[in-house]
>>> print(open('protein02.pdb').read())   # PDB, N, CA and C atoms, pLDDT in the B column
ATOM      1  N   MET P 944     -11.593  14.083   6.717  1.00 62.00           N
ATOM      2  CA  MET P 944     -10.452  14.134   5.837  1.00 62.00           C
ATOM      3  C   MET P 944     -10.048  12.704   5.485  1.00 62.00           C
ATOM      4  N   THR P 945      -9.658  12.486   4.249  1.00 60.00           N
ATOM      5  CA  THR P 945      -9.172  11.191   3.781  1.00 60.00           C
ATOM      6  C   THR P 945      -7.731  11.354   3.336  1.00 60.00           C
ATOM      7  N   LEU P 946      -6.861  10.489   3.810  1.00 58.00           N
ATOM      8  CA  LEU P 946      -5.465  10.499   3.380  1.00 58.00           C
ATOM      9  C   LEU P 946      -5.308   9.481   2.269  1.00 58.00           C
ATOM     10  N   ILE P 947      -4.692   9.893   1.188  1.00 59.00           N
ATOM     11  CA  ILE P 947      -4.389   8.964   0.105  1.00 59.00           C
ATOM     12  C   ILE P 947      -2.888   8.743   0.106  1.00 59.00           C
ATOM     13  N   GLU P 948      -2.487   7.541   0.420  1.00 59.00           N
ATOM     14  CA  GLU P 948      -1.076   7.176   0.504  1.00 59.00           C
ATOM     15  C   GLU P 948      -0.583   6.849  -0.882  1.00 59.00           C
ATOM     16  N   CYS P 949       0.593   7.325  -1.236  1.00 61.00           N
ATOM     17  CA  CYS P 949       1.103   7.107  -2.581  1.00 61.00           C
ATOM     18  C   CYS P 949       2.042   5.919  -2.679  1.00 61.00           C
ATOM     19  N   SER P 950       2.983   5.798  -1.772  1.00 72.00           N
ATOM     20  CA  SER P 950       3.961   4.731  -1.924  1.00 72.00           C
ATOM     21  C   SER P 950       4.654   4.432  -0.604  1.00 72.00           C
ATOM     22  N   VAL P 951       4.691   3.170  -0.273  1.00 73.00           N
ATOM     23  CA  VAL P 951       5.460   2.697   0.883  1.00 73.00           C
ATOM     24  C   VAL P 951       6.262   1.513   0.391  1.00 73.00           C
ATOM     25  N   CYS P 952       7.547   1.538   0.631  1.00 82.00           N
ATOM     26  CA  CYS P 952       8.404   0.449   0.178  1.00 82.00           C
ATOM     27  C   CYS P 952       9.300  -0.006   1.322  1.00 82.00           C
ATOM     28  N   VAL P 953       9.488  -1.294   1.406  1.00 86.00           N
ATOM     29  CA  VAL P 953      10.440  -1.873   2.339  1.00 86.00           C
ATOM     30  C   VAL P 953      11.460  -2.629   1.487  1.00 86.00           C
ATOM     31  N   LEU P 954      12.713  -2.295   1.650  1.00 90.00           N
ATOM     32  CA  LEU P 954      13.759  -2.950   0.872  1.00 90.00           C
ATOM     33  C   LEU P 954      13.705  -4.463   1.087  1.00 90.00           C
ATOM     34  N   PRO P 955      14.004  -5.229   0.039  1.00 89.00           N
ATOM     35  CA  PRO P 955      13.894  -6.689   0.139  1.00 89.00           C
ATOM     36  C   PRO P 955      14.624  -7.299   1.336  1.00 89.00           C
ATOM     37  N   GLN P 956      15.783  -6.777   1.676  1.00 93.00           N
ATOM     38  CA  GLN P 956      16.539  -7.366   2.789  1.00 93.00           C
ATOM     39  C   GLN P 956      15.876  -7.122   4.142  1.00 93.00           C
ATOM     40  N   TYR P 957      14.897  -6.209   4.202  1.00 91.00           N
ATOM     41  CA  TYR P 957      14.199  -5.916   5.453  1.00 91.00           C
ATOM     42  C   TYR P 957      12.767  -6.444   5.468  1.00 91.00           C
ATOM     43  N   GLN P 958      12.324  -7.028   4.366  1.00 87.00           N
ATOM     44  CA  GLN P 958      10.967  -7.553   4.303  1.00 87.00           C
ATOM     45  C   GLN P 958      10.838  -8.790   5.179  1.00 87.00           C
ATOM     46  N   GLY P 959       9.648  -8.960   5.737  1.00 87.00           N
ATOM     47  CA  GLY P 959       9.379 -10.136   6.571  1.00 87.00           C
ATOM     48  C   GLY P 959       9.889 -10.011   7.988  1.00 87.00           C
ATOM     49  N   LYS P 960      10.362  -8.834   8.386  1.00 91.00           N
ATOM     50  CA  LYS P 960      10.907  -8.633   9.732  1.00 91.00           C
ATOM     51  C   LYS P 960       9.995  -7.781  10.603  1.00 91.00           C
ATOM     52  N   GLY P 961       8.825  -7.392  10.061  1.00 91.00           N
ATOM     53  CA  GLY P 961       7.866  -6.634  10.851  1.00 91.00           C
ATOM     54  C   GLY P 961       7.989  -5.124  10.745  1.00 91.00           C
ATOM     55  N   TYR P 962       8.961  -4.626   9.977  1.00 91.00           N
ATOM     56  CA  TYR P 962       9.145  -3.179   9.875  1.00 91.00           C
ATOM     57  C   TYR P 962       7.951  -2.492   9.204  1.00 91.00           C
ATOM     58  N   GLY P 963       7.485  -3.050   8.106  1.00 87.00           N
ATOM     59  CA  GLY P 963       6.348  -2.474   7.404  1.00 87.00           C
ATOM     60  C   GLY P 963       5.096  -2.487   8.269  1.00 87.00           C
ATOM     61  N   HIS P 964       4.880  -3.594   8.950  1.00 90.00           N
ATOM     62  CA  HIS P 964       3.709  -3.716   9.831  1.00 90.00           C
ATOM     63  C   HIS P 964       3.767  -2.681  10.944  1.00 90.00           C
ATOM     64  N   ASP P 965       4.906  -2.584  11.603  1.00 91.00           N
ATOM     65  CA  ASP P 965       5.054  -1.614  12.700  1.00 91.00           C
ATOM     66  C   ASP P 965       4.863  -0.185  12.215  1.00 91.00           C
ATOM     67  N   MET P 966       5.461   0.134  11.073  1.00 88.00           N
ATOM     68  CA  MET P 966       5.351   1.484  10.551  1.00 88.00           C
ATOM     69  C   MET P 966       3.899   1.833  10.222  1.00 88.00           C
ATOM     70  N   LEU P 967       3.215   0.953   9.490  1.00 86.00           N
ATOM     71  CA  LEU P 967       1.836   1.240   9.110  1.00 86.00           C
ATOM     72  C   LEU P 967       0.907   1.267  10.312  1.00 86.00           C
ATOM     73  N   ALA P 968       1.142   0.406  11.286  1.00 87.00           N
ATOM     74  CA  ALA P 968       0.308   0.408  12.492  1.00 87.00           C
ATOM     75  C   ALA P 968       0.486   1.716  13.267  1.00 87.00           C
ATOM     76  N   ARG P 969       1.712   2.171  13.396  1.00 88.00           N
ATOM     77  CA  ARG P 969       1.974   3.426  14.119  1.00 88.00           C
ATOM     78  C   ARG P 969       1.416   4.631  13.377  1.00 88.00           C
ATOM     79  N   VAL P 970       1.636   4.672  12.081  1.00 84.00           N
ATOM     80  CA  VAL P 970       1.099   5.773  11.284  1.00 84.00           C
ATOM     81  C   VAL P 970      -0.428   5.749  11.344  1.00 84.00           C
ATOM     82  N   GLY P 971      -1.009   4.569  11.288  1.00 82.00           N
ATOM     83  CA  GLY P 971      -2.459   4.450  11.370  1.00 82.00           C
ATOM     84  C   GLY P 971      -3.019   5.005  12.662  1.00 82.00           C
ATOM     85  N   LYS P 972      -2.349   4.742  13.764  1.00 86.00           N
ATOM     86  CA  LYS P 972      -2.806   5.279  15.053  1.00 86.00           C
ATOM     87  C   LYS P 972      -2.738   6.795  15.078  1.00 86.00           C
ATOM     88  N   LEU P 973      -1.680   7.355  14.510  1.00 84.00           N
ATOM     89  CA  LEU P 973      -1.567   8.813  14.444  1.00 84.00           C
ATOM     90  C   LEU P 973      -2.640   9.416  13.550  1.00 84.00           C
ATOM     91  N   LEU P 974      -2.880   8.774  12.411  1.00 82.00           N
ATOM     92  CA  LEU P 974      -3.862   9.297  11.474  1.00 82.00           C
ATOM     93  C   LEU P 974      -5.285   9.181  12.020  1.00 82.00           C
ATOM     94  N   ALA P 975      -5.528   8.188  12.847  1.00 83.00           N
ATOM     95  CA  ALA P 975      -6.867   7.986  13.392  1.00 83.00           C
ATOM     96  C   ALA P 975      -7.329   9.192  14.202  1.00 83.00           C
ATOM     97  N   GLU P 976      -6.389   9.967  14.684  1.00 85.00           N
ATOM     98  CA  GLU P 976      -6.730  11.174  15.441  1.00 85.00           C
ATOM     99  C   GLU P 976      -7.244  12.293  14.534  1.00 85.00           C
ATOM    100  N   ARG P 977      -6.935  12.216  13.225  1.00 84.00           N
ATOM    101  CA  ARG P 977      -7.276  13.312  12.319  1.00 84.00           C
ATOM    102  C   ARG P 977      -8.078  12.900  11.094  1.00 84.00           C
ATOM    103  N   CYS P 978      -8.016  11.655  10.724  1.00 81.00           N
ATOM    104  CA  CYS P 978      -8.647  11.201   9.491  1.00 81.00           C
ATOM    105  C   CYS P 978      -9.707  10.144   9.776  1.00 81.00           C
ATOM    106  N   LYS P 979     -10.696  10.091   8.899  1.00 82.00           N
ATOM    107  CA  LYS P 979     -11.712   9.053   9.004  1.00 82.00           C
ATOM    108  C   LYS P 979     -11.291   7.797   8.255  1.00 82.00           C
ATOM    109  N   GLN P 980     -10.446   7.962   7.248  1.00 81.00           N
ATOM    110  CA  GLN P 980     -10.161   6.852   6.353  1.00 81.00           C
ATOM    111  C   GLN P 980      -8.776   7.012   5.733  1.00 81.00           C
ATOM    112  N   VAL P 981      -8.122   5.898   5.491  1.00 80.00           N
ATOM    113  CA  VAL P 981      -6.860   5.880   4.750  1.00 80.00           C
ATOM    114  C   VAL P 981      -7.054   4.927   3.580  1.00 80.00           C
ATOM    115  N   ARG P 982      -6.672   5.359   2.398  1.00 79.00           N
ATOM    116  CA  ARG P 982      -6.734   4.513   1.212  1.00 79.00           C
ATOM    117  C   ARG P 982      -5.314   4.249   0.733  1.00 79.00           C
ATOM    118  N   LEU P 983      -5.113   3.088   0.180  1.00 81.00           N
ATOM    119  CA  LEU P 983      -3.815   2.795  -0.426  1.00 81.00           C
ATOM    120  C   LEU P 983      -4.011   1.904  -1.624  1.00 81.00           C
ATOM    121  N   GLY P 984      -3.002   1.868  -2.453  1.00 80.00           N
ATOM    122  CA  GLY P 984      -3.044   1.037  -3.647  1.00 80.00           C
ATOM    123  C   GLY P 984      -1.894   0.055  -3.645  1.00 80.00           C
ATOM    124  N   VAL P 985      -2.133  -1.081  -4.244  1.00 84.00           N
ATOM    125  CA  VAL P 985      -1.097  -2.112  -4.341  1.00 84.00           C
ATOM    126  C   VAL P 985      -1.373  -2.934  -5.593  1.00 84.00           C
ATOM    127  N   VAL P 986      -0.313  -3.351  -6.269  1.00 84.00           N
ATOM    128  CA  VAL P 986      -0.518  -4.232  -7.421  1.00 84.00           C
ATOM    129  C   VAL P 986      -1.003  -5.578  -6.914  1.00 84.00           C
ATOM    130  N   THR P 987      -1.947  -6.163  -7.632  1.00 84.00           N
ATOM    131  CA  THR P 987      -2.630  -7.354  -7.118  1.00 84.00           C
ATOM    132  C   THR P 987      -1.742  -8.587  -7.032  1.00 84.00           C
ATOM    133  N   HIS P 988      -0.630  -8.604  -7.722  1.00 86.00           N
ATOM    134  CA  HIS P 988       0.253  -9.776  -7.642  1.00 86.00           C
ATOM    135  C   HIS P 988       1.298  -9.643  -6.523  1.00 86.00           C
ATOM    136  N   HIS P 989       1.283  -8.563  -5.795  1.00 85.00           N
ATOM    137  CA  HIS P 989       2.254  -8.355  -4.714  1.00 85.00           C
ATOM    138  C   HIS P 989       1.690  -8.924  -3.410  1.00 85.00           C
ATOM    139  N   ARG P 990       1.801 -10.232  -3.261  1.00 88.00           N
ATOM    140  CA  ARG P 990       1.190 -10.946  -2.139  1.00 88.00           C
ATOM    141  C   ARG P 990       1.721 -10.477  -0.785  1.00 88.00           C
ATOM    142  N   LEU P 991       3.016 -10.204  -0.676  1.00 86.00           N
ATOM    143  CA  LEU P 991       3.560  -9.754   0.609  1.00 86.00           C
ATOM    144  C   LEU P 991       2.899  -8.463   1.063  1.00 86.00           C
ATOM    145  N   ALA P 992       2.752  -7.514   0.135  1.00 86.00           N
ATOM    146  CA  ALA P 992       2.115  -6.243   0.479  1.00 86.00           C
ATOM    147  C   ALA P 992       0.646  -6.453   0.825  1.00 86.00           C
ATOM    148  N   LEU P 993      -0.049  -7.263   0.034  1.00 89.00           N
ATOM    149  CA  LEU P 993      -1.462  -7.541   0.319  1.00 89.00           C
ATOM    150  C   LEU P 993      -1.623  -8.154   1.700  1.00 89.00           C
ATOM    151  N   ASN P 994      -0.781  -9.117   2.025  1.00 89.00           N
ATOM    152  CA  ASN P 994      -0.849  -9.760   3.351  1.00 89.00           C
ATOM    153  C   ASN P 994      -0.585  -8.759   4.464  1.00 89.00           C
ATOM    154  N   LEU P 995       0.381  -7.877   4.255  1.00 88.00           N
ATOM    155  CA  LEU P 995       0.696  -6.856   5.251  1.00 88.00           C
ATOM    156  C   LEU P 995      -0.507  -5.953   5.487  1.00 88.00           C
ATOM    157  N   TYR P 996      -1.079  -5.422   4.415  1.00 88.00           N
ATOM    158  CA  TYR P 996      -2.203  -4.502   4.558  1.00 88.00           C
ATOM    159  C   TYR P 996      -3.402  -5.184   5.212  1.00 88.00           C
ATOM    160  N   GLN P 997      -3.670  -6.420   4.826  1.00 90.00           N
ATOM    161  CA  GLN P 997      -4.789  -7.150   5.418  1.00 90.00           C
ATOM    162  C   GLN P 997      -4.541  -7.454   6.890  1.00 90.00           C
ATOM    163  N   SER P 998      -3.299  -7.701   7.278  1.00 89.00           N
ATOM    164  CA  SER P 998      -2.996  -8.003   8.683  1.00 89.00           C
ATOM    165  C   SER P 998      -3.239  -6.806   9.585  1.00 89.00           C
ATOM    166  N   ILE P 999      -3.183  -5.605   9.010  1.00 87.00           N
ATOM    167  CA  ILE P 999      -3.420  -4.387   9.776  1.00 87.00           C
ATOM    168  C   ILE P 999      -4.909  -4.039   9.806  1.00 87.00           C
ATOM    169  N   GLY P1000      -5.659  -4.582   8.855  1.00 88.00           N
ATOM    170  CA  GLY P1000      -7.093  -4.338   8.841  1.00 88.00           C
ATOM    171  C   GLY P1000      -7.618  -3.692   7.570  1.00 88.00           C
ATOM    172  N   PHE P1001      -6.739  -3.416   6.604  1.00 89.00           N
ATOM    173  CA  PHE P1001      -7.205  -2.871   5.332  1.00 89.00           C
ATOM    174  C   PHE P1001      -8.029  -3.931   4.610  1.00 89.00           C
ATOM    175  N   GLU P1002      -9.046  -3.481   3.881  1.00 91.00           N
ATOM    176  CA  GLU P1002      -9.888  -4.367   3.088  1.00 91.00           C
ATOM    177  C   GLU P1002      -9.872  -3.912   1.642  1.00 91.00           C
ATOM    178  N   ALA P1003      -9.825  -4.868   0.731  1.00 89.00           N
ATOM    179  CA  ALA P1003      -9.914  -4.536  -0.691  1.00 89.00           C
ATOM    180  C   ALA P1003     -11.348  -4.131  -1.000  1.00 89.00           C
ATOM    181  N   VAL P1004     -11.513  -2.945  -1.573  1.00 92.00           N
ATOM    182  CA  VAL P1004     -12.859  -2.456  -1.885  1.00 92.00           C
ATOM    183  C   VAL P1004     -13.051  -2.221  -3.379  1.00 92.00           C
ATOM    184  N   ALA P1005     -11.965  -2.170  -4.146  1.00 89.00           N
ATOM    185  CA  ALA P1005     -12.070  -1.948  -5.580  1.00 89.00           C
ATOM    186  C   ALA P1005     -10.800  -2.428  -6.252  1.00 89.00           C
ATOM    187  N   GLU P1006     -10.909  -2.689  -7.533  1.00 86.00           N
ATOM    188  CA  GLU P1006      -9.760  -3.090  -8.321  1.00 86.00           C
ATOM    189  C   GLU P1006      -9.676  -2.168  -9.537  1.00 86.00           C
ATOM    190  N   PHE P1007      -8.495  -1.667  -9.828  1.00 84.00           N
ATOM    191  CA  PHE P1007      -8.293  -0.755 -10.939  1.00 84.00           C
ATOM    192  C   PHE P1007      -7.364  -1.398 -11.954  1.00 84.00           C
ATOM    193  N   HIS P1008      -7.527  -1.020 -13.188  1.00 84.00           N
ATOM    194  CA  HIS P1008      -6.663  -1.518 -14.252  1.00 84.00           C
ATOM    195  C   HIS P1008      -5.826  -0.359 -14.782  1.00 84.00           C
ATOM    196  N   TYR P1009      -4.545  -0.597 -14.943  1.00 82.00           N
ATOM    197  CA  TYR P1009      -3.631   0.398 -15.480  1.00 82.00           C
ATOM    198  C   TYR P1009      -3.147  -0.098 -16.836  1.00 82.00           C
ATOM    199  N   TYR P1010      -3.034   0.814 -17.752  1.00 87.00           N
ATOM    200  CA  TYR P1010      -2.608   0.478 -19.088  1.00 87.00           C
ATOM    201  C   TYR P1010      -1.270   1.127 -19.384  1.00 87.00           C
ATOM    202  N   VAL P1011      -0.408   0.389 -20.077  1.00 87.00           N
ATOM    203  CA  VAL P1011       0.936   0.858 -20.388  1.00 87.00           C
ATOM    204  C   VAL P1011       1.196   0.620 -21.862  1.00 87.00           C
ATOM    205  N   ILE P1012       1.885   1.557 -22.476  1.00 90.00           N
ATOM    206  CA  ILE P1012       2.322   1.363 -23.864  1.00 90.00           C
ATOM    207  C   ILE P1012       3.778   1.794 -23.972  1.00 90.00           C
ATOM    208  N   ASP P1013       4.552   1.027 -24.670  1.00 89.00           N
ATOM    209  CA  ASP P1013       5.929   1.409 -24.953  1.00 89.00           C
ATOM    210  C   ASP P1013       5.886   2.446 -26.065  1.00 89.00           C
ATOM    211  N   LEU P1014       6.384   3.627 -25.801  1.00 89.00           N
ATOM    212  CA  LEU P1014       6.249   4.736 -26.754  1.00 89.00           C
ATOM    213  C   LEU P1014       6.931   4.479 -28.089  1.00 89.00           C
ATOM    214  N   LYS P1015       7.866   3.592 -28.138  1.00 88.00           N
ATOM    215  CA  LYS P1015       8.514   3.286 -29.428  1.00 88.00           C
ATOM    216  C   LYS P1015       7.569   2.522 -30.343  1.00 88.00           C
ATOM    217  N   ASP P1016       6.471   1.970 -29.767  1.00 80.00           N
ATOM    218  CA  ASP P1016       5.491   1.235 -30.573  1.00 80.00           C
ATOM    219  C   ASP P1016       4.416   2.121 -31.165  1.00 80.00           C
ATOM    220  N   ILE P1017       4.459   3.420 -30.880  1.00 83.00           N
ATOM    221  CA  ILE P1017       3.439   4.337 -31.403  1.00 83.00           C
ATOM    222  C   ILE P1017       3.833   4.814 -32.778  1.00 83.00           C
TER     223      ILE P1017
END
>>> encode(input="protein02.pdb", output="structure tokens")
Amino acid sequence: MTLIECSVCVLPQYQGKGYGHDMLARVGKLLAERCKQVRLGVVTHHRLALNLYQSIGFEAVAEFHYYVIDLKDI
């Protein structure tokens, strides 16, 4: 089974205090009992999130491009 994580957010006033790291590490240990793999997505300019995920052991394996259009321009 593969878990696809949709969104994890840490409020700015709590960032850099280890909460995100602790949460993901604990969830990872629980998931390891049932899943072979966890995937997550992050915008490439979000360095804090990238550093957090890499510190836990996540590796970047692919890069995706998202496209946006303002509907008033159609």
>>> select_by_dssp(input="protein02.pdb", residues="chain P", states="strand (DSSP E or B)", output="MDAnalysis selection string")
chainID P and resid 945:947 980:982
>>> write_last_selection(input="protein02.pdb", atoms="N, CA and C atoms", output="mmCIF file, in the frame of the given file")
data_model
loop_
_atom_site.group_PDB
_atom_site.id
_atom_site.type_symbol
_atom_site.label_atom_id
_atom_site.label_comp_id
_atom_site.auth_asym_id
_atom_site.auth_seq_id
_atom_site.Cartn_x
_atom_site.Cartn_y
_atom_site.Cartn_z
ATOM 1 N N THR P 945 -9.658 12.486 4.249
ATOM 2 C CA THR P 945 -9.172 11.191 3.781
ATOM 3 C C THR P 945 -7.731 11.354 3.336
ATOM 4 N N LEU P 946 -6.861 10.489 3.810
ATOM 5 C CA LEU P 946 -5.465 10.499 3.380
ATOM 6 C C LEU P 946 -5.308 9.481 2.269
ATOM 7 N N ILE P 947 -4.692 9.893 1.188
ATOM 8 C CA ILE P 947 -4.389 8.964 0.105
ATOM 9 C C ILE P 947 -2.888 8.743 0.106
ATOM 10 N N GLN P 980 -10.446 7.962 7.248
ATOM 11 C CA GLN P 980 -10.161 6.852 6.353
ATOM 12 C C GLN P 980 -8.776 7.012 5.733
ATOM 13 N N VAL P 981 -8.122 5.898 5.491
ATOM 14 C CA VAL P 981 -6.860 5.880 4.750
ATOM 15 C C VAL P 981 -7.054 4.927 3.580
ATOM 16 N N ARG P 982 -6.672 5.359 2.398
ATOM 17 C CA ARG P 982 -6.734 4.513 1.212
ATOM 18 C C ARG P 982 -5.314 4.249 0.733
#
>>> closest_residue(input="protein02.pdb", among="P:Val951, P:Ala1003, P:Val985, P:Leu1014", to="P:His964", atoms="only C-alpha atoms")
P:Val951
>>> atom_distance(input="protein02.pdb", atom1="atom CA of P:Leu974", atom2="atom CA of P:Gly1000")
14.3 Å
>>> atom_distance(input="protein02.pdb", atom1="atom N of P:Val970", atom2="atom CA of P:Arg982")
13.7 Å
>>> closest_residue(input="protein02.pdb", among="P:Ala1005, P:Ile999, P:Leu983, P:Ile1012", to="P:Arg969", atoms="only C-alpha atoms")
P:Ile999
>>> select_by_dssp(input="protein02.pdb", residues="chain P", states="alpha helix (DSSP H)", output="ChimeraX atom specification")
/P:962-975,990-999
>>> write_last_selection(input="protein02.pdb", atoms="N, CA and C atoms", output="PDB file, in the coordinates of the input")
ATOM      1  N   TYR P 962       8.961  -4.626   9.977  1.00 91.00           N
ATOM      2  CA  TYR P 962       9.145  -3.179   9.875  1.00 91.00           C
ATOM      3  C   TYR P 962       7.951  -2.492   9.204  1.00 91.00           C
ATOM      4  N   GLY P 963       7.485  -3.050   8.106  1.00 87.00           N
ATOM      5  CA  GLY P 963       6.348  -2.474   7.404  1.00 87.00           C
ATOM      6  C   GLY P 963       5.096  -2.487   8.269  1.00 87.00           C
ATOM      7  N   HIS P 964       4.880  -3.594   8.950  1.00 90.00           N
ATOM      8  CA  HIS P 964       3.709  -3.716   9.831  1.00 90.00           C
ATOM      9  C   HIS P 964       3.767  -2.681  10.944  1.00 90.00           C
ATOM     10  N   ASP P 965       4.906  -2.584  11.603  1.00 91.00           N
ATOM     11  CA  ASP P 965       5.054  -1.614  12.700  1.00 91.00           C
ATOM     12  C   ASP P 965       4.863  -0.185  12.215  1.00 91.00           C
ATOM     13  N   MET P 966       5.461   0.134  11.073  1.00 88.00           N
ATOM     14  CA  MET P 966       5.351   1.484  10.551  1.00 88.00           C
ATOM     15  C   MET P 966       3.899   1.833  10.222  1.00 88.00           C
ATOM     16  N   LEU P 967       3.215   0.953   9.490  1.00 86.00           N
ATOM     17  CA  LEU P 967       1.836   1.240   9.110  1.00 86.00           C
ATOM     18  C   LEU P 967       0.907   1.267  10.312  1.00 86.00           C
ATOM     19  N   ALA P 968       1.142   0.406  11.286  1.00 87.00           N
ATOM     20  CA  ALA P 968       0.308   0.408  12.492  1.00 87.00           C
ATOM     21  C   ALA P 968       0.486   1.716  13.267  1.00 87.00           C
ATOM     22  N   ARG P 969       1.712   2.171  13.396  1.00 88.00           N
ATOM     23  CA  ARG P 969       1.974   3.426  14.119  1.00 88.00           C
ATOM     24  C   ARG P 969       1.416   4.631  13.377  1.00 88.00           C
ATOM     25  N   VAL P 970       1.636   4.672  12.081  1.00 84.00           N
ATOM     26  CA  VAL P 970       1.099   5.773  11.284  1.00 84.00           C
ATOM     27  C   VAL P 970      -0.428   5.749  11.344  1.00 84.00           C
ATOM     28  N   GLY P 971      -1.009   4.569  11.288  1.00 82.00           N
ATOM     29  CA  GLY P 971      -2.459   4.450  11.370  1.00 82.00           C
ATOM     30  C   GLY P 971      -3.019   5.005  12.662  1.00 82.00           C
ATOM     31  N   LYS P 972      -2.349   4.742  13.764  1.00 86.00           N
ATOM     32  CA  LYS P 972      -2.806   5.279  15.053  1.00 86.00           C
ATOM     33  C   LYS P 972      -2.738   6.795  15.078  1.00 86.00           C
ATOM     34  N   LEU P 973      -1.680   7.355  14.510  1.00 84.00           N
ATOM     35  CA  LEU P 973      -1.567   8.813  14.444  1.00 84.00           C
ATOM     36  C   LEU P 973      -2.640   9.416  13.550  1.00 84.00           C
ATOM     37  N   LEU P 974      -2.880   8.774  12.411  1.00 82.00           N
ATOM     38  CA  LEU P 974      -3.862   9.297  11.474  1.00 82.00           C
ATOM     39  C   LEU P 974      -5.285   9.181  12.020  1.00 82.00           C
ATOM     40  N   ALA P 975      -5.528   8.188  12.847  1.00 83.00           N
ATOM     41  CA  ALA P 975      -6.867   7.986  13.392  1.00 83.00           C
ATOM     42  C   ALA P 975      -7.329   9.192  14.202  1.00 83.00           C
ATOM     43  N   ARG P 990       1.801 -10.232  -3.261  1.00 88.00           N
ATOM     44  CA  ARG P 990       1.190 -10.946  -2.139  1.00 88.00           C
ATOM     45  C   ARG P 990       1.721 -10.477  -0.785  1.00 88.00           C
ATOM     46  N   LEU P 991       3.016 -10.204  -0.676  1.00 86.00           N
ATOM     47  CA  LEU P 991       3.560  -9.754   0.609  1.00 86.00           C
ATOM     48  C   LEU P 991       2.899  -8.463   1.063  1.00 86.00           C
ATOM     49  N   ALA P 992       2.752  -7.514   0.135  1.00 86.00           N
ATOM     50  CA  ALA P 992       2.115  -6.243   0.479  1.00 86.00           C
ATOM     51  C   ALA P 992       0.646  -6.453   0.825  1.00 86.00           C
ATOM     52  N   LEU P 993      -0.049  -7.263   0.034  1.00 89.00           N
ATOM     53  CA  LEU P 993      -1.462  -7.541   0.319  1.00 89.00           C
ATOM     54  C   LEU P 993      -1.623  -8.154   1.700  1.00 89.00           C
ATOM     55  N   ASN P 994      -0.781  -9.117   2.025  1.00 89.00           N
ATOM     56  CA  ASN P 994      -0.849  -9.760   3.351  1.00 89.00           C
ATOM     57  C   ASN P 994      -0.585  -8.759   4.464  1.00 89.00           C
ATOM     58  N   LEU P 995       0.381  -7.877   4.255  1.00 88.00           N
ATOM     59  CA  LEU P 995       0.696  -6.856   5.251  1.00 88.00           C
ATOM     60  C   LEU P 995      -0.507  -5.953   5.487  1.00 88.00           C
ATOM     61  N   TYR P 996      -1.079  -5.422   4.415  1.00 88.00           N
ATOM     62  CA  TYR P 996      -2.203  -4.502   4.558  1.00 88.00           C
ATOM     63  C   TYR P 996      -3.402  -5.184   5.212  1.00 88.00           C
ATOM     64  N   GLN P 997      -3.670  -6.420   4.826  1.00 90.00           N
ATOM     65  CA  GLN P 997      -4.789  -7.150   5.418  1.00 90.00           C
ATOM     66  C   GLN P 997      -4.541  -7.454   6.890  1.00 90.00           C
ATOM     67  N   SER P 998      -3.299  -7.701   7.278  1.00 89.00           N
ATOM     68  CA  SER P 998      -2.996  -8.003   8.683  1.00 89.00           C
ATOM     69  C   SER P 998      -3.239  -6.806   9.585  1.00 89.00           C
ATOM     70  N   ILE P 999      -3.183  -5.605   9.010  1.00 87.00           N
ATOM     71  CA  ILE P 999      -3.420  -4.387   9.776  1.00 87.00           C
ATOM     72  C   ILE P 999      -4.909  -4.039   9.806  1.00 87.00           C
TER      73      ILE P 999
END
>>> atom_distance(input="protein02.pdb", atom1="atom N of P:Val1004", atom2="atom CA of P:Cys978")
18.2 Å
>>> decode(input="protein02.pdb", residues="stretch 968-979 of chain P", atoms="N, CA and C atoms", output="PDB file, in the first residue's frame")
ATOM      1  N   ALA P 968       7.959  12.344  11.699  1.00  0.00           N
ATOM      2  CA  ALA P 968       8.725  11.175  12.143  1.00  0.00           C
ATOM      3  C   ALA P 968       7.809  10.163  12.836  1.00  0.00           C
ATOM      4  N   ARG P 969       6.921  10.642  13.678  1.00  0.00           N
ATOM      5  CA  ARG P 969       5.995   9.740  14.383  1.00  0.00           C
ATOM      6  C   ARG P 969       5.003   9.092  13.428  1.00  0.00           C
ATOM      7  N   VAL P 970       4.448   9.885  12.536  1.00  0.00           N
ATOM      8  CA  VAL P 970       3.516   9.336  11.554  1.00  0.00           C
ATOM      9  C   VAL P 970       4.243   8.324  10.668  1.00  0.00           C
ATOM     10  N   GLY P 971       5.468   8.631  10.295  1.00  0.00           N
ATOM     11  CA  GLY P 971       6.247   7.712   9.476  1.00  0.00           C
ATOM     12  C   GLY P 971       6.459   6.370  10.143  1.00  0.00           C
ATOM     13  N   LYS P 972       6.733   6.381  11.431  1.00  0.00           N
ATOM     14  CA  LYS P 972       6.912   5.118  12.159  1.00  0.00           C
ATOM     15  C   LYS P 972       5.629   4.307  12.187  1.00  0.00           C
ATOM     16  N   LEU P 973       4.502   4.978  12.372  1.00  0.00           N
ATOM     17  CA  LEU P 973       3.217   4.277  12.357  1.00  0.00           C
ATOM     18  C   LEU P 973       2.909   3.707  10.981  1.00  0.00           C
ATOM     19  N   LEU P 974       3.180   4.498   9.947  1.00  0.00           N
ATOM     20  CA  LEU P 974       2.884   4.054   8.594  1.00  0.00           C
ATOM     21  C   LEU P 974       3.799   2.909   8.159  1.00  0.00           C
ATOM     22  N   ALA P 975       5.003   2.874   8.686  1.00  0.00           N
ATOM     23  CA  ALA P 975       5.952   1.833   8.303  1.00  0.00           C
ATOM     24  C   ALA P 975       5.421   0.443   8.635  1.00  0.00           C
ATOM     25  N   GLU P 976       4.510   0.375   9.574  1.00  0.00           N
ATOM     26  CA  GLU P 976       3.906  -0.910   9.938  1.00  0.00           C
ATOM     27  C   GLU P 976       2.913  -1.396   8.882  1.00  0.00           C
ATOM     28  N   ARG P 977       2.411  -0.474   8.037  1.00  0.00           N
ATOM     29  CA  ARG P 977       1.359  -0.836   7.087  1.00  0.00           C
ATOM     30  C   ARG P 977       1.665  -0.494   5.637  1.00  0.00           C
ATOM     31  N   CYS P 978       2.552   0.430   5.410  1.00  0.00           N
ATOM     32  CA  CYS P 978       2.813   0.910   4.058  1.00  0.00           C
ATOM     33  C   CYS P 978       4.262   0.660   3.659  1.00  0.00           C
ATOM     34  N   LYS P 979       4.466   0.500   2.362  1.00  0.00           N
ATOM     35  CA  LYS P 979       5.822   0.361   1.847  1.00  0.00           C
ATOM     36  C   LYS P 979       6.433   1.721   1.539  1.00  0.00           C
TER      37      LYS P 979
END
